[in-house]
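Right, one structure below, let's go through it.
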Amino acid sequence: MASESGANAPLPDVPSAERTVREVNGVELHAVVAGDENDPLVVLLHGFPEFWYEWREYVGPFVEAGYRVLVPDQRGYNRSERPDGVSPYRISELSRDVADLVGSEDRERAHVVGHDWGAAVAWDLALRHPDCLDRLGIINVPHPTVFDAVLRSNLAQVRKSWYIFFFQLPRLPEWYVSRDEFAFMVTAMEKARPDAFDATDFERYRSAWAEDGALTAMIHWYRALVRHGEDPPRERVAAPTLVVWGENDQALVPELAPRSLEYCEDGRLERFPDATHWIPHEHPDRVADLLLDHLGS
C-alpha cells in the first residue's frame with residue numbers, strides 16, 4: 001500500500017486531503033479522502049486506464065461546495081490490492097466494493113459519479129444496490145442494457161470495441177499494451193484535446209501502470225466482462241441521474257447516450273459536441289459545475 005513517499009501522484013491541494021486504505025469486500029483499496037466527515041458523501045470512480053488521479057481537479061471544488069469526497073483506486077489499479085484470476089473482477093464484485101466503501105464511511109447512502117469503467121460500475125451499483133445511492137453521475141458510458149443491444153446491432157460500435165475482443169487473449173494484450181512505454185494507452189489519451197494531459201500526467205500514469213501486476217488486473221476487468229457476464233436484478237435506475245457525454249468519443253457511438261436515458265426514471269443528458277471520451281480532463285470546470293448542480297438539486 002502507498003506511503004506518501006511511494007505514491008504515484010501527490011495529494012490534491014486541499015488541506016483536508018489524506019490517503020487511506022479501506023478493507024472492503026475482501027480486498028484492500030487505496031483511496032484519497034477529503035472534506036468534513038459529517039458532510040454529504042460523494043464517491044468518484046475512475047475509468048480505464050486511470051486511477052484516483054483522474055479526479056484530482058474535482059476534489060477541491062466538491063469539498064468547497066460542502067461535500068465529503070472519497071476517491072478510490074478501484075481493485076487492481078495503482079495502489080489497491082490485485083486479486084489473482086479473472087473472476088474477482090466481475091462487475092458484481094466491483095460494485096460491491098463501492099457499496100462497502102460507502103459503508104466504510106459509516107453511511108448508508110452516497111452520491112456516486114463515474115467515468116468510463118467507473119461509470120459502468122456506477123450503473124451496476126444503481127441497479128444492484130439502489131438503496132446505497134442518492135444521486136448518480138455518469139460520464140461517457142452507456143447503460144449496460146443499451147450497450148449490449150447496440151454492440152449486437154451496430155457495426156460501427158463493433159469496430160470501436162475491437163480492443164475488448166483483443167483483451168480476451170492470454171498474455172498478448174499485456175505485452176502489446178506495455179510496449180514503447182505504454183504507447184497504446186498514451187496514444188488513446190492523446191486523442192483528447194491538446195491541453196487535457198501533460199508530460200507530468202503521463203509520467204504519473206506510467207508509474208501506476210508499471211506497478212507489479214497492475215496491467216493484467218486492469219485488463220482482467222475486460223476479460224471478466226466477457227467470461228463472467230452478469231445481468232443485474234433490474235434494468236431501470238431509480239436514482240436521479242445525470243449523463244454527461246462527449247460526442248467525439250473514440251470508443252462509443254453517440255446514440256448510446258440518449259438511449260440510456262430511457263432506462264432512468266429521472267434522467268438528464270448534457271452533451272458536449274466538441275469533447276471526446278476524455279471530457280473530465282478537457283472541461284473540468286464545466287463538468288464539475290454540472291455535477292455539483294445535479295447533486296445539489
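To be explicit about the labels: the chains of the C-alpha cells are called A, B, and onward in the order shown, and within each one the residues are counted from 1, while ligands get numbers from 1 in the order they are shown.
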Determine, using only C-alpha atoms, which residues of segment 12-90 of chain A have any atom at most 7 Å from an atom of segment 115-121 of chain A, and tabulate each with its shortest atom pair and distance in Å to one decimal place, rows ordered by chain and then rising number, as JSON lines.
{"residue": "A:Leu45", "atom": "CA", "partner": "A:Gly118", "partner_atom": "CA", "distance": 4.5}
{"residue": "A:His46", "atom": "CA", "partner": "A:Gly118", "partner_atom": "CA", "distance": 4.9}
{"residue": "A:Gly47", "atom": "CA", "partner": "A:Trp117", "partner_atom": "CA", "distance": 4.3}
{"residue": "A:Phe48", "atom": "CA", "partner": "A:Trp117", "partner_atom": "CA", "distance": 6.0}
Using only C-alpha atoms, determine which residues lie at most 9 Å from Trp123 of chain A, disregarding the query and same-chain residues fewer than 3 positions distant; provide the list as a ChimeraX atom specification.
/A:95,114,118-120,126-128,136,138,141-144,237
Which neighbours of Arg193 of chain A fall inside 9 Å, counting only C-alpha atoms, when residues of the same chain fewer than 4 positions from it are skipped, and could you give them as a VMD selection string?
chain A and resid 197 275 to 276 278 281 to 282
Could you save those same residues with N, CA and C atoms as an mmCIF file, in the first residue's frame?
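Listed below is the output, selection21.cif:
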data_model
loop_
_atom_site.group_PDB
_atom_site.id
_atom_site.type_symbol
_atom_site.label_atom_id
_atom_site.label_comp_id
_atom_site.auth_asym_id
_atom_site.auth_seq_id
_atom_site.Cartn_x
_atom_site.Cartn_y
_atom_site.Cartn_z
ATOM 1 N N PHE A 197 -3.927 16.553 -21.141
ATOM 2 C CA PHE A 197 -2.890 15.844 -20.399
ATOM 3 C C PHE A 197 -1.544 16.472 -20.711
ATOM 4 N N ALA A 275 -16.276 17.610 -27.293
ATOM 5 C CA ALA A 275 -15.478 16.830 -26.342
ATOM 6 C C ALA A 275 -15.337 15.389 -26.803
ATOM 7 N N THR A 276 -14.294 14.737 -26.271
ATOM 8 C CA THR A 276 -14.025 13.340 -26.578
ATOM 9 C C THR A 276 -14.383 12.470 -25.370
ATOM 10 N N TRP A 278 -12.482 11.786 -23.148
ATOM 11 C CA TRP A 278 -11.701 12.280 -22.011
ATOM 12 C C TRP A 278 -12.244 13.611 -21.485
ATOM 13 N N HIS A 281 -11.186 15.612 -18.288
ATOM 14 C CA HIS A 281 -9.920 16.341 -18.362
ATOM 15 C C HIS A 281 -10.013 17.546 -19.292
ATOM 16 N N GLU A 282 -10.870 17.464 -20.287
ATOM 17 C CA GLU A 282 -10.978 18.538 -21.273
ATOM 18 C C GLU A 282 -11.773 19.724 -20.750
#
Selection near Arg206 of chain A, 8 Å with only C-alpha atoms, sequence-local residues under 4 positions removed, as a VMD selection string
chain A and resid 181 to 182 202 210
Taking the DSSP secondary structure from the backbone, can you list the residues of segment 7-154 of chain A that are strand (DSSP E or B), as a PyMOL selection string?
chain A and resi 18-24+27-34+41-45+68-72+110-115+133-139
Please save C-alpha atoms of the selected residues as a short mmCIF file (atom, residue, chain, number, x, y, z; two decimals), in the first residue's frame.
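Written out: selection_10.cif:
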data_model
loop_
_atom_site.label_atom_id
_atom_site.label_comp_id
_atom_site.auth_asym_id
_atom_site.auth_seq_id
_atom_site.Cartn_x
_atom_site.Cartn_y
_atom_site.Cartn_z
CA GLU A 18 -5.35 12.39 3.03
CA ARG A 19 -4.62 8.85 1.93
CA THR A 20 -6.44 5.90 3.41
CA VAL A 21 -6.70 2.15 2.95
CA ARG A 22 -10.13 0.58 3.30
CA GLU A 23 -10.75 -3.15 3.59
CA VAL A 24 -13.94 -3.76 1.64
CA VAL A 27 -9.80 -6.51 -0.71
CA GLU A 28 -7.78 -3.51 0.45
CA LEU A 29 -8.43 -0.39 -1.60
CA HIS A 30 -6.21 2.68 -1.52
CA ALA A 31 -8.19 5.91 -1.66
CA VAL A 32 -7.92 9.65 -1.24
CA VAL A 33 -10.45 11.31 1.07
CA ALA A 34 -11.12 14.97 1.76
CA LEU A 41 -20.56 11.83 0.76
CA VAL A 42 -19.57 11.75 -2.91
CA VAL A 43 -17.66 8.78 -4.36
CA LEU A 44 -15.73 9.46 -7.58
CA LEU A 45 -14.85 6.40 -9.69
CA ARG A 68 -17.02 14.76 1.79
CA VAL A 69 -15.14 13.23 -1.18
CA LEU A 70 -13.88 9.64 -1.42
CA VAL A 71 -11.80 8.74 -4.49
CA PRO A 72 -10.58 5.13 -4.60
CA ALA A 110 -23.86 8.41 -1.08
CA HIS A 111 -23.76 10.25 -4.37
CA VAL A 112 -21.69 8.32 -6.92
CA VAL A 113 -20.02 9.68 -10.06
CA GLY A 114 -18.13 7.57 -12.58
CA HIS A 115 -16.29 7.93 -15.87
CA LEU A 133 -27.23 5.53 -3.82
CA ASP A 134 -28.59 9.07 -3.61
CA ARG A 135 -27.77 10.65 -6.98
CA LEU A 136 -25.89 9.19 -9.93
CA GLY A 137 -23.43 10.93 -12.25
CA ILE A 138 -22.41 9.12 -15.45
CA ILE A 139 -19.72 10.26 -17.89
#
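Counting only C-alpha atoms, the residue from A:His294, A:Arg96, A:Arg259, A:Arg223 that sits nearest to Val150 of chain A is A:Arg259.
As for atom CA of Leu172 of chain A and atom CA of Arg227 of chain A, they are spaced 17.3 Å apart.
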Skip segment 250-254 of chain A itself and residues of its chain fewer than 5 positions away, then list as a PyMOL selection string all residues within 12 Å of it, counting only C-alpha atoms.
chain A and resi 116+139-142+146-147+150-151+154-164+187-192+244-245+259-260+269+271-273+275-279
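You can rank A:Ala122, A:Asp201, A:Leu225, A:Asp195 by their closest distance to Gln168 of chain A using only C-alpha atoms, and at the top of that list sits A:Leu225.
Using only C-alpha atoms for every distance, the candidate list A:Glu50, A:Asp124, A:Asp39, A:Glu235 yields A:Glu50 as the residue closest to Val186 of chain A.
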From a DSSP calculation on the backbone, collect every residue of segment 180-233 of chain A in alpha helix (DSSP H) and output the set as JSON, numbers by chain.
{"A": [180, 181, 182, 183, 184, 185, 186, 187, 188, 189, 199, 200, 201, 202, 203, 204, 205, 206, 207, 208, 209, 214, 215, 216, 217, 218, 219, 220, 221, 222, 223, 224, 225, 226, 227]}
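Distances from A:Glu203, A:Asp231, A:Asp36, A:Asp180 to Ala9 of chain A were compared using only C-alpha atoms, and the smallest one belongs to A:Glu203.
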